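A.B. asks: So here's upload.cif (mmCIF, N, CA and C atoms).
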```
data_final
#
loop_
_atom_site.label_atom_id
_atom_site.label_comp_id
_atom_site.auth_asym_id
_atom_site.auth_seq_id
_atom_site.Cartn_x
_atom_site.Cartn_y
_atom_site.Cartn_z
N MET A 38 27.28 1.84 33.33
CA MET A 38 26.58 3.08 33.66
C MET A 38 25.14 2.74 34.05
N THR A 39 24.76 3.12 35.23
CA THR A 39 23.42 2.83 35.74
C THR A 39 22.36 3.61 34.97
N ALA A 40 21.24 2.94 34.70
CA ALA A 40 20.08 3.58 34.09
C ALA A 40 18.84 3.12 34.86
N ILE A 41 17.80 3.94 34.79
CA ILE A 41 16.50 3.60 35.38
C ILE A 41 15.53 3.43 34.23
N TYR A 42 14.80 2.31 34.24
CA TYR A 42 13.79 2.03 33.21
C TYR A 42 12.42 2.01 33.87
N ILE A 43 11.49 2.76 33.31
CA ILE A 43 10.13 2.82 33.84
C ILE A 43 9.17 2.20 32.84
N ASP A 44 8.46 1.18 33.26
CA ASP A 44 7.37 0.60 32.47
C ASP A 44 6.19 1.54 32.72
N ALA A 45 6.02 2.52 31.83
CA ALA A 45 5.28 3.73 32.18
C ALA A 45 3.79 3.76 31.90
N ASP A 46 3.25 2.86 31.13
CA ASP A 46 1.84 3.00 30.73
C ASP A 46 0.88 3.08 31.92
N ALA A 47 1.12 2.36 32.98
CA ALA A 47 0.22 2.42 34.14
C ALA A 47 1.01 2.70 35.42
N CYS A 48 2.06 3.50 35.31
CA CYS A 48 2.95 3.73 36.44
C CYS A 48 2.54 4.98 37.21
N PRO A 49 2.16 4.83 38.48
CA PRO A 49 1.74 5.99 39.27
C PRO A 49 2.89 6.74 39.95
N VAL A 50 4.14 6.30 39.74
CA VAL A 50 5.26 6.88 40.49
C VAL A 50 6.36 7.41 39.56
N LYS A 51 6.00 7.86 38.37
CA LYS A 51 7.00 8.40 37.44
C LYS A 51 7.69 9.62 38.03
N ALA A 52 6.95 10.51 38.65
CA ALA A 52 7.53 11.74 39.20
C ALA A 52 8.52 11.42 40.32
N GLU A 53 8.18 10.45 41.16
CA GLU A 53 9.08 10.06 42.25
C GLU A 53 10.37 9.46 41.70
N ALA A 54 10.25 8.61 40.69
CA ALA A 54 11.43 8.00 40.08
C ALA A 54 12.30 9.09 39.43
N GLU A 55 11.67 10.05 38.81
CA GLU A 55 12.42 11.14 38.18
C GLU A 55 13.18 11.96 39.22
N ARG A 56 12.58 12.18 40.38
CA ARG A 56 13.29 12.89 41.46
C ARG A 56 14.55 12.15 41.87
N VAL A 57 14.45 10.84 42.01
CA VAL A 57 15.61 10.04 42.39
C VAL A 57 16.66 10.06 41.28
N ALA A 58 16.24 9.90 40.03
CA ALA A 58 17.18 9.93 38.90
C ALA A 58 17.91 11.27 38.85
N THR A 59 17.19 12.35 39.06
CA THR A 59 17.79 13.68 39.02
C THR A 59 18.78 13.86 40.17
N ARG A 60 18.40 13.43 41.35
CA ARG A 60 19.27 13.56 42.52
C ARG A 60 20.61 12.85 42.30
N HIS A 61 20.57 11.69 41.63
CA HIS A 61 21.78 10.90 41.42
C HIS A 61 22.38 11.08 40.03
N LYS A 62 21.78 11.95 39.22
CA LYS A 62 22.25 12.21 37.86
C LYS A 62 22.33 10.93 37.03
N VAL A 63 21.24 10.17 37.07
CA VAL A 63 21.14 8.90 36.36
C VAL A 63 20.14 9.04 35.21
N LYS A 64 20.50 8.51 34.05
CA LYS A 64 19.61 8.52 32.89
C LYS A 64 18.38 7.67 33.18
N MET A 65 17.20 8.19 32.84
CA MET A 65 15.95 7.47 33.07
C MET A 65 15.20 7.35 31.74
N TYR A 66 14.74 6.15 31.45
CA TYR A 66 13.96 5.88 30.24
C TYR A 66 12.53 5.59 30.64
N VAL A 67 11.61 6.38 30.12
CA VAL A 67 10.18 6.21 30.37
C VAL A 67 9.62 5.55 29.10
N VAL A 68 9.28 4.27 29.21
CA VAL A 68 8.92 3.48 28.03
C VAL A 68 7.41 3.27 28.02
N CYS A 69 6.78 3.65 26.89
CA CYS A 69 5.31 3.55 26.81
C CYS A 69 4.88 3.39 25.35
N ASN A 70 3.57 3.20 25.18
CA ASN A 70 2.98 3.12 23.84
C ASN A 70 2.49 4.48 23.35
N GLY A 71 2.77 5.52 24.09
CA GLY A 71 2.36 6.87 23.70
C GLY A 71 1.36 7.43 24.69
N GLY A 72 1.02 8.68 24.49
CA GLY A 72 0.01 9.32 25.33
C GLY A 72 0.56 9.97 26.59
N LEU A 73 1.87 9.94 26.78
CA LEU A 73 2.47 10.59 27.96
C LEU A 73 3.13 11.88 27.54
N ARG A 74 3.03 12.87 28.41
CA ARG A 74 3.72 14.13 28.16
C ARG A 74 5.20 13.93 28.49
N PRO A 75 6.09 14.20 27.54
CA PRO A 75 7.52 14.04 27.82
C PRO A 75 8.01 15.01 28.89
N SER A 76 8.94 14.57 29.68
CA SER A 76 9.54 15.40 30.71
C SER A 76 10.51 16.39 30.06
N GLN A 77 10.64 17.55 30.67
CA GLN A 77 11.61 18.54 30.20
C GLN A 77 13.00 18.27 30.77
N ASN A 78 13.10 17.33 31.69
CA ASN A 78 14.35 16.98 32.33
C ASN A 78 15.29 16.34 31.31
N PRO A 79 16.51 16.87 31.15
CA PRO A 79 17.44 16.29 30.16
C PRO A 79 17.89 14.87 30.49
N LEU A 80 17.72 14.44 31.73
CA LEU A 80 18.09 13.08 32.11
C LEU A 80 17.00 12.06 31.77
N VAL A 81 15.81 12.54 31.42
CA VAL A 81 14.67 11.66 31.18
C VAL A 81 14.37 11.59 29.69
N GLU A 82 14.41 10.38 29.16
CA GLU A 82 14.09 10.15 27.76
C GLU A 82 12.80 9.35 27.67
N THR A 83 11.83 9.88 26.94
CA THR A 83 10.58 9.16 26.72
C THR A 83 10.75 8.31 25.46
N VAL A 84 10.55 7.02 25.61
CA VAL A 84 10.67 6.08 24.50
C VAL A 84 9.28 5.59 24.16
N ILE A 85 8.82 5.90 22.97
CA ILE A 85 7.50 5.47 22.53
C ILE A 85 7.69 4.29 21.59
N VAL A 86 7.15 3.16 22.00
CA VAL A 86 7.27 1.93 21.22
C VAL A 86 5.98 1.70 20.44
N PRO A 87 6.03 0.90 19.38
CA PRO A 87 4.81 0.60 18.62
C PRO A 87 3.78 -0.12 19.48
N ASP A 88 2.51 0.03 19.09
CA ASP A 88 1.45 -0.71 19.77
C ASP A 88 1.67 -2.20 19.56
N GLY A 89 1.25 -2.95 20.54
CA GLY A 89 1.37 -4.40 20.43
C GLY A 89 1.59 -4.98 21.81
N PRO A 90 1.26 -6.25 21.96
CA PRO A 90 1.40 -6.88 23.27
C PRO A 90 2.86 -6.95 23.70
N ASP A 91 3.13 -6.42 24.87
CA ASP A 91 4.44 -6.53 25.52
C ASP A 91 5.61 -5.89 24.77
N VAL A 92 5.35 -4.95 23.86
CA VAL A 92 6.43 -4.31 23.11
C VAL A 92 7.29 -3.46 24.06
N ALA A 93 6.65 -2.70 24.93
CA ALA A 93 7.41 -1.89 25.90
C ALA A 93 8.20 -2.81 26.84
N ASP A 94 7.59 -3.90 27.26
CA ASP A 94 8.27 -4.84 28.14
C ASP A 94 9.52 -5.42 27.46
N MET A 95 9.39 -5.78 26.20
CA MET A 95 10.52 -6.35 25.47
C MET A 95 11.64 -5.32 25.32
N TRP A 96 11.26 -4.06 25.08
CA TRP A 96 12.27 -3.00 24.93
C TRP A 96 13.08 -2.89 26.22
N ILE A 97 12.41 -2.90 27.35
CA ILE A 97 13.09 -2.79 28.64
C ILE A 97 13.92 -4.05 28.91
N ALA A 98 13.33 -5.21 28.73
CA ALA A 98 14.02 -6.47 29.02
C ALA A 98 15.28 -6.64 28.18
N ASP A 99 15.27 -6.13 26.96
CA ASP A 99 16.43 -6.23 26.08
C ASP A 99 17.59 -5.34 26.52
N ARG A 100 17.31 -4.35 27.38
CA ARG A 100 18.34 -3.39 27.75
C ARG A 100 18.77 -3.42 29.21
N ALA A 101 17.89 -3.82 30.10
CA ALA A 101 18.18 -3.79 31.54
C ALA A 101 19.21 -4.85 31.90
N VAL A 102 20.24 -4.42 32.63
CA VAL A 102 21.32 -5.31 33.04
C VAL A 102 21.70 -5.03 34.48
N LYS A 103 22.66 -5.78 34.98
CA LYS A 103 23.16 -5.57 36.33
C LYS A 103 23.61 -4.11 36.47
N GLY A 104 23.20 -3.48 37.56
CA GLY A 104 23.53 -2.08 37.77
C GLY A 104 22.42 -1.14 37.36
N ASP A 105 21.35 -1.67 36.76
CA ASP A 105 20.20 -0.85 36.39
C ASP A 105 19.06 -1.08 37.38
N VAL A 106 18.10 -0.14 37.37
CA VAL A 106 16.91 -0.25 38.19
C VAL A 106 15.71 -0.21 37.25
N VAL A 107 14.79 -1.14 37.43
CA VAL A 107 13.57 -1.22 36.62
C VAL A 107 12.38 -1.03 37.53
N VAL A 108 11.43 -0.19 37.11
CA VAL A 108 10.20 0.03 37.86
C VAL A 108 9.05 -0.54 37.03
N THR A 109 8.40 -1.57 37.57
CA THR A 109 7.30 -2.22 36.86
C THR A 109 6.40 -2.97 37.83
N GLY A 110 5.18 -3.17 37.43
CA GLY A 110 4.26 -4.04 38.14
C GLY A 110 4.03 -5.32 37.36
N ASP A 111 4.66 -5.42 36.19
CA ASP A 111 4.48 -6.56 35.30
C ASP A 111 5.41 -7.70 35.74
N ILE A 112 4.84 -8.79 36.20
CA ILE A 112 5.64 -9.86 36.79
C ILE A 112 6.52 -10.58 35.75
N PRO A 113 6.02 -10.91 34.55
CA PRO A 113 6.92 -11.54 33.57
C PRO A 113 8.11 -10.63 33.19
N LEU A 114 7.85 -9.33 33.05
CA LEU A 114 8.95 -8.40 32.77
C LEU A 114 9.92 -8.38 33.95
N ALA A 115 9.39 -8.33 35.16
CA ALA A 115 10.24 -8.35 36.35
C ALA A 115 11.13 -9.59 36.36
N ALA A 116 10.56 -10.74 36.01
CA ALA A 116 11.34 -11.99 36.01
C ALA A 116 12.50 -11.91 35.03
N LYS A 117 12.27 -11.36 33.85
CA LYS A 117 13.34 -11.22 32.86
C LYS A 117 14.43 -10.27 33.36
N CYS A 118 14.02 -9.18 33.98
CA CYS A 118 14.99 -8.20 34.45
C CYS A 118 15.77 -8.72 35.65
N VAL A 119 15.10 -9.43 36.55
CA VAL A 119 15.80 -10.04 37.68
C VAL A 119 16.84 -11.03 37.16
N ALA A 120 16.46 -11.81 36.16
CA ALA A 120 17.39 -12.81 35.58
C ALA A 120 18.61 -12.14 34.96
N SER A 121 18.45 -10.92 34.46
CA SER A 121 19.58 -10.21 33.86
C SER A 121 20.41 -9.46 34.90
N GLY A 122 20.00 -9.52 36.16
CA GLY A 122 20.77 -8.89 37.23
C GLY A 122 20.32 -7.50 37.63
N ALA A 123 19.27 -6.97 36.99
CA ALA A 123 18.78 -5.64 37.34
C ALA A 123 18.04 -5.68 38.68
N ARG A 124 17.95 -4.54 39.31
CA ARG A 124 17.16 -4.38 40.53
C ARG A 124 15.77 -3.97 40.09
N VAL A 125 14.74 -4.66 40.58
CA VAL A 125 13.38 -4.42 40.09
C VAL A 125 12.47 -4.04 41.25
N VAL A 126 11.82 -2.88 41.09
CA VAL A 126 10.97 -2.31 42.13
C VAL A 126 9.54 -2.22 41.61
N ARG A 127 8.61 -2.70 42.42
CA ARG A 127 7.18 -2.57 42.12
C ARG A 127 6.74 -1.16 42.52
N HIS A 128 5.65 -0.67 41.97
CA HIS A 128 5.17 0.69 42.24
C HIS A 128 4.91 0.97 43.71
N ASN A 129 4.61 -0.05 44.48
CA ASN A 129 4.32 0.16 45.90
C ASN A 129 5.56 0.02 46.78
N GLY A 130 6.72 -0.14 46.16
CA GLY A 130 7.97 -0.23 46.90
C GLY A 130 8.43 -1.64 47.19
N GLU A 131 7.64 -2.64 46.85
CA GLU A 131 8.08 -4.02 47.04
C GLU A 131 9.13 -4.35 45.98
N MET A 132 10.06 -5.21 46.35
CA MET A 132 11.11 -5.63 45.43
C MET A 132 10.78 -6.98 44.80
N PHE A 133 11.13 -7.12 43.53
CA PHE A 133 11.16 -8.43 42.89
C PHE A 133 12.61 -8.89 42.99
N THR A 134 12.83 -10.09 43.50
CA THR A 134 14.19 -10.61 43.68
C THR A 134 14.26 -12.05 43.18
N GLU A 135 15.47 -12.58 43.12
CA GLU A 135 15.63 -13.99 42.76
C GLU A 135 14.91 -14.88 43.76
N ALA A 136 14.85 -14.44 45.01
CA ALA A 136 14.23 -15.24 46.06
C ALA A 136 12.71 -15.29 45.97
N ASN A 137 12.07 -14.26 45.37
CA ASN A 137 10.60 -14.24 45.37
C ASN A 137 9.96 -14.26 43.99
N ILE A 138 10.74 -14.16 42.93
CA ILE A 138 10.12 -14.03 41.60
C ILE A 138 9.39 -15.30 41.17
N GLY A 139 9.89 -16.46 41.55
CA GLY A 139 9.20 -17.71 41.20
C GLY A 139 7.82 -17.78 41.83
N GLN A 140 7.74 -17.42 43.10
CA GLN A 140 6.45 -17.42 43.79
C GLN A 140 5.51 -16.37 43.17
N GLN A 141 6.05 -15.21 42.82
CA GLN A 141 5.24 -14.16 42.20
C GLN A 141 4.65 -14.65 40.87
N LEU A 142 5.47 -15.32 40.06
CA LEU A 142 4.98 -15.86 38.78
C LEU A 142 3.92 -16.93 39.00
N ALA A 143 4.14 -17.81 39.97
CA ALA A 143 3.18 -18.88 40.25
C ALA A 143 1.85 -18.30 40.73
N THR A 144 1.90 -17.31 41.59
CA THR A 144 0.67 -16.68 42.09
C THR A 144 -0.07 -15.99 40.95
N ARG A 145 0.67 -15.31 40.09
CA ARG A 145 0.06 -14.63 38.94
C ARG A 145 -0.66 -15.65 38.06
N ASP A 146 0.01 -16.77 37.77
CA ASP A 146 -0.59 -17.79 36.92
C ASP A 146 -1.82 -18.41 37.58
N LEU A 147 -1.74 -18.66 38.89
CA LEU A 147 -2.89 -19.22 39.62
C LEU A 147 -4.08 -18.27 39.55
N MET A 148 -3.84 -16.99 39.77
CA MET A 148 -4.94 -16.02 39.74
C MET A 148 -5.54 -15.91 38.33
N ALA A 149 -4.70 -15.99 37.31
CA ALA A 149 -5.20 -15.97 35.93
C ALA A 149 -6.09 -17.18 35.67
N ASP A 150 -5.68 -18.35 36.16
CA ASP A 150 -6.49 -19.56 36.00
C ASP A 150 -7.82 -19.43 36.73
N LEU A 151 -7.80 -18.88 37.94
CA LEU A 151 -9.04 -18.69 38.70
C LEU A 151 -9.99 -17.73 37.99
N ARG A 152 -9.45 -16.64 37.45
CA ARG A 152 -10.30 -15.69 36.72
C ARG A 152 -10.88 -16.32 35.47
N GLU A 153 -10.09 -17.15 34.81
CA GLU A 153 -10.55 -17.82 33.59
C GLU A 153 -11.66 -18.83 33.91
N ALA A 154 -11.52 -19.50 35.04
CA ALA A 154 -12.51 -20.51 35.44
C ALA A 154 -13.82 -19.88 35.90
N ASP A 155 -13.75 -18.66 36.43
CA ASP A 155 -14.94 -17.98 36.94
C ASP A 155 -14.98 -16.57 36.37
N PRO A 156 -15.65 -16.39 35.22
CA PRO A 156 -15.66 -15.07 34.56
C PRO A 156 -16.32 -13.97 35.40
N PHE A 157 -17.07 -14.35 36.44
CA PHE A 157 -17.71 -13.34 37.27
C PHE A 157 -16.83 -12.90 38.43
N ARG A 158 -15.70 -13.56 38.59
CA ARG A 158 -14.76 -13.20 39.66
C ARG A 158 -14.15 -11.83 39.34
N GLN A 159 -14.27 -10.94 40.27
CA GLN A 159 -13.73 -9.60 40.08
C GLN A 159 -12.32 -9.53 40.64
N GLY A 160 -11.41 -9.06 39.83
CA GLY A 160 -10.01 -8.94 40.26
C GLY A 160 -9.78 -7.58 40.92
N GLY A 161 -8.53 -7.26 41.07
CA GLY A 161 -8.16 -5.97 41.63
C GLY A 161 -7.73 -6.10 43.07
N GLY A 162 -6.76 -5.33 43.41
CA GLY A 162 -6.25 -5.32 44.77
C GLY A 162 -6.66 -4.04 45.47
N ARG A 163 -5.94 -3.77 46.52
CA ARG A 163 -6.24 -2.56 47.27
C ARG A 163 -5.76 -1.34 46.48
N PRO A 164 -6.36 -0.17 46.73
CA PRO A 164 -5.96 1.03 45.99
C PRO A 164 -4.55 1.49 46.36
N PHE A 165 -3.92 2.19 45.45
CA PHE A 165 -2.59 2.75 45.67
C PHE A 165 -2.71 3.88 46.69
N SER A 166 -1.86 3.87 47.71
CA SER A 166 -1.99 4.83 48.81
C SER A 166 -0.78 5.74 48.94
N LYS A 167 -0.90 6.75 49.81
CA LYS A 167 0.22 7.63 50.12
C LYS A 167 1.37 6.84 50.73
N ALA A 168 1.04 5.85 51.55
CA ALA A 168 2.06 5.01 52.17
C ALA A 168 2.83 4.23 51.10
N ASP A 169 2.11 3.74 50.06
CA ASP A 169 2.77 3.03 48.96
C ASP A 169 3.74 3.97 48.24
N ARG A 170 3.30 5.19 47.99
CA ARG A 170 4.13 6.18 47.29
C ARG A 170 5.40 6.48 48.10
N SER A 171 5.23 6.66 49.41
CA SER A 171 6.35 6.94 50.30
C SER A 171 7.32 5.76 50.35
N ARG A 172 6.77 4.55 50.48
CA ARG A 172 7.60 3.34 50.52
C ARG A 172 8.37 3.19 49.20
N PHE A 173 7.70 3.48 48.08
CA PHE A 173 8.37 3.41 46.78
C PHE A 173 9.56 4.36 46.75
N LEU A 174 9.35 5.59 47.18
CA LEU A 174 10.42 6.58 47.13
C LEU A 174 11.61 6.14 47.97
N ASP A 175 11.35 5.62 49.16
CA ASP A 175 12.44 5.13 50.02
C ASP A 175 13.21 3.98 49.36
N VAL A 176 12.47 3.01 48.82
CA VAL A 176 13.11 1.85 48.20
C VAL A 176 13.84 2.26 46.92
N MET A 177 13.25 3.15 46.15
CA MET A 177 13.88 3.61 44.92
C MET A 177 15.20 4.30 45.22
N GLU A 178 15.23 5.10 46.24
CA GLU A 178 16.45 5.78 46.66
C GLU A 178 17.52 4.75 47.06
N ARG A 179 17.13 3.81 47.88
CA ARG A 179 18.07 2.78 48.34
C ARG A 179 18.60 1.94 47.18
N GLU A 180 17.72 1.51 46.30
CA GLU A 180 18.12 0.64 45.20
C GLU A 180 18.95 1.39 44.16
N THR A 181 18.69 2.66 43.95
CA THR A 181 19.50 3.44 43.02
C THR A 181 20.91 3.61 43.56
N ARG A 182 21.02 3.88 44.85
CA ARG A 182 22.36 3.96 45.46
C ARG A 182 23.11 2.64 45.31
N ALA A 183 22.41 1.54 45.57
CA ALA A 183 23.04 0.22 45.47
C ALA A 183 23.44 -0.07 44.02
N ALA A 184 22.59 0.30 43.07
CA ALA A 184 22.89 0.07 41.64
C ALA A 184 24.13 0.85 41.23
N LEU A 185 24.27 2.04 41.73
CA LEU A 185 25.44 2.86 41.39
C LEU A 185 26.73 2.22 41.91
N ARG A 186 26.62 1.41 42.96
CA ARG A 186 27.79 0.71 43.51
C ARG A 186 28.08 -0.60 42.77
N ASP A 187 27.06 -1.15 42.07
CA ASP A 187 27.22 -2.44 41.37
C ASP A 187 28.33 -2.37 40.33
#
```
Output the file's structure in the form of structure tokens.
C.D. replies:
Amino acid sequence: MTAIYIDADACPVKAEAERVATRHKVKMYVVCNGGLRPSQNPLVETVIVPDGPDVADMWIADRAVKGDVVVTGDIPLAAKCVASGARVVRHNGEMFTEANIGQQLATRDLMADLREADPFRQGGGRPFSKADRSRFLDVMERETRAALRD
């Protein structure tokens, strides 16, 4: 049975994911450390995990399997979910796959090393845009359909 897992603490596309879950009648788990207003949608379950490093990530990684869709920007979580066969979508609509997850992890580690070496280096990428939101919705729709066929 397909499920959608949302790494929700910093997720800007929860509403879009919920629209897709509702359209396909798929259970969606919104996993966070708290502070989110629960959805009234019966298909959406808000899971509040204890505070602590990567507790929400571990909850998702322990459950996501082939046929599920995971929405996250967290690269280590994405790697675990890809390894378990889940389809993993970044908030901007980019996919994490077996073909690109190694490079994504290496780039993440390199950037962490650079920030550590130069404490004045400012991180951050480009702002989240309407185009990112639209691309996410298209990819989420496509990947949910594919997951339902898995």
A.B. asks: Show me, as a list in words, the residues that have an atom within 7 Å of A:Ile112 when counting only N, CA and C atoms, minus same-chain residues fewer than 5 positions from it.
C.D. replies: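 My list of contacting residues is Lys117, Gln141 and Leu142 of chain A.
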A.B. asks: To one decimal place, how far is atom CA of A:Arg172 from atom CA of A:Arg56 in Å?
C.D. replies: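 These atoms are spaced 14.3 Å apart.
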A.B. asks: How would you write, as number ranges by chain, the residues chosen by the PyMOL selection byres (((chain A and resi 50 and name CA) around 9) and name CA) on this structure?
C.D. replies: A: 45, 48-49, 51-55, 108, 128-129, 170, 173-174
A.B. asks: Can you write just those residues out, N, CA and C atoms, as a compact mmCIF listing (two decimals), keeping the file's coordinate frame?
C.D. replies:
```
# COMPACT_ATOMS: atom_id res chain seq x y z
N ALA A 45 6.02 2.52 31.83
CA ALA A 45 5.28 3.73 32.18
C ALA A 45 3.79 3.76 31.90
N CYS A 48 2.06 3.50 35.31
CA CYS A 48 2.95 3.73 36.44
C CYS A 48 2.54 4.98 37.21
N PRO A 49 2.16 4.83 38.48
CA PRO A 49 1.74 5.99 39.27
C PRO A 49 2.89 6.74 39.95
N LYS A 51 6.00 7.86 38.37
CA LYS A 51 7.00 8.40 37.44
C LYS A 51 7.69 9.62 38.03
N ALA A 52 6.95 10.51 38.65
CA ALA A 52 7.53 11.74 39.20
C ALA A 52 8.52 11.42 40.32
N GLU A 53 8.18 10.45 41.16
CA GLU A 53 9.08 10.06 42.25
C GLU A 53 10.37 9.46 41.70
N ALA A 54 10.25 8.61 40.69
CA ALA A 54 11.43 8.00 40.08
C ALA A 54 12.30 9.09 39.43
N GLU A 55 11.67 10.05 38.81
CA GLU A 55 12.42 11.14 38.18
C GLU A 55 13.18 11.96 39.22
N VAL A 108 11.43 -0.19 37.11
CA VAL A 108 10.20 0.03 37.86
C VAL A 108 9.05 -0.54 37.03
N HIS A 128 5.65 -0.67 41.97
CA HIS A 128 5.17 0.69 42.24
C HIS A 128 4.91 0.97 43.71
N ASN A 129 4.61 -0.05 44.48
CA ASN A 129 4.32 0.16 45.90
C ASN A 129 5.56 0.02 46.78
N ARG A 170 3.30 5.19 47.99
CA ARG A 170 4.13 6.18 47.29
C ARG A 170 5.40 6.48 48.10
N PHE A 173 7.70 3.48 48.08
CA PHE A 173 8.37 3.41 46.78
C PHE A 173 9.56 4.36 46.75
N LEU A 174 9.35 5.59 47.18
CA LEU A 174 10.42 6.58 47.13
C LEU A 174 11.61 6.14 47.97
```
A.B. asks: I need the strand (DSSP E or B) residues of chain A per DSSP on the backbone, written as a list in words.
C.D. replies: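 Going through chain A, the strand (DSSP E or B) residues come out as Ala40, Ile41, Tyr42, Ile43, Asp44, Lys64, Met65, Tyr66, Val67, Val68, Cys69, Val81, Glu82, Thr83, Val84, Ile85, Val106, Val107, Val108, Arg124, Val125, Val126, Met132 and Phe133 of chain A.
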A.B. asks: I'd like the residues picked by the PyMOL selection byres ((chain A and resi 185) around 8) written out as number ranges by chain, using the chain letters and numbers from the file.
C.D. replies: A: 38-40, 104-106, 179-184, 186-187
A.B. asks: So how far away is atom CA of A:Gly130 from atom C of A:Ile43, in Å?
C.D. replies: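 We find that atom C of A:Ile43 and atom CA of A:Gly130 lie 14.3 Å from each other.
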A.B. asks: Missing atoms in stretch 128-134 of chain A need filling: write out all heavy atoms for it as a short mmCIF file (atom, residue, chain, number, x, y, z; two decimals), in the coordinates of the input.
C.D. replies:
```
data_model
loop_
_atom_site.label_atom_id
_atom_site.label_comp_id
_atom_site.auth_asym_id
_atom_site.auth_seq_id
_atom_site.Cartn_x
_atom_site.Cartn_y
_atom_site.Cartn_z
N HIS A 128 5.65 -0.67 41.97
CA HIS A 128 5.17 0.69 42.24
C HIS A 128 4.91 0.97 43.71
O HIS A 128 5.00 2.12 44.15
CB HIS A 128 3.88 0.97 41.45
CG HIS A 128 4.02 0.68 40.00
ND1 HIS A 128 3.11 -0.09 39.32
CD2 HIS A 128 4.97 1.01 39.11
CE1 HIS A 128 3.50 -0.20 38.06
NE2 HIS A 128 4.62 0.45 37.91
N ASN A 129 4.61 -0.05 44.48
CA ASN A 129 4.32 0.16 45.90
C ASN A 129 5.56 0.02 46.78
O ASN A 129 5.48 0.02 48.00
CB ASN A 129 3.23 -0.79 46.38
CG ASN A 129 3.63 -2.24 46.31
OD1 ASN A 129 4.76 -2.57 45.95
ND2 ASN A 129 2.70 -3.11 46.64
N GLY A 130 6.72 -0.14 46.16
CA GLY A 130 7.97 -0.23 46.90
C GLY A 130 8.43 -1.64 47.19
O GLY A 130 9.52 -1.84 47.72
N GLU A 131 7.64 -2.64 46.85
CA GLU A 131 8.08 -4.02 47.04
C GLU A 131 9.13 -4.35 45.98
O GLU A 131 9.08 -3.84 44.86
CB GLU A 131 6.91 -4.99 46.91
CG GLU A 131 5.89 -4.84 48.01
CD GLU A 131 4.68 -5.75 47.80
OE1 GLU A 131 4.63 -6.50 46.80
OE2 GLU A 131 3.76 -5.66 48.62
N MET A 132 10.06 -5.21 46.35
CA MET A 132 11.11 -5.63 45.43
C MET A 132 10.78 -6.98 44.80
O MET A 132 10.22 -7.85 45.46
CB MET A 132 12.44 -5.77 46.18
CG MET A 132 13.01 -4.47 46.71
SD MET A 132 13.55 -3.37 45.39
CE MET A 132 14.79 -4.38 44.57
N PHE A 133 11.13 -7.12 43.53
CA PHE A 133 11.16 -8.43 42.89
C PHE A 133 12.61 -8.89 42.99
O PHE A 133 13.53 -8.16 42.60
CB PHE A 133 10.77 -8.34 41.42
CG PHE A 133 9.32 -8.03 41.17
CD1 PHE A 133 8.92 -6.79 40.73
CD2 PHE A 133 8.35 -9.01 41.35
CE1 PHE A 133 7.59 -6.51 40.47
CE2 PHE A 133 7.00 -8.75 41.09
CZ PHE A 133 6.63 -7.49 40.65
N THR A 134 12.83 -10.09 43.50
CA THR A 134 14.19 -10.61 43.68
C THR A 134 14.26 -12.05 43.18
O THR A 134 13.22 -12.68 42.91
CB THR A 134 14.60 -10.58 45.16
OG1 THR A 134 13.76 -11.50 45.88
CG2 THR A 134 14.48 -9.19 45.76
#
```
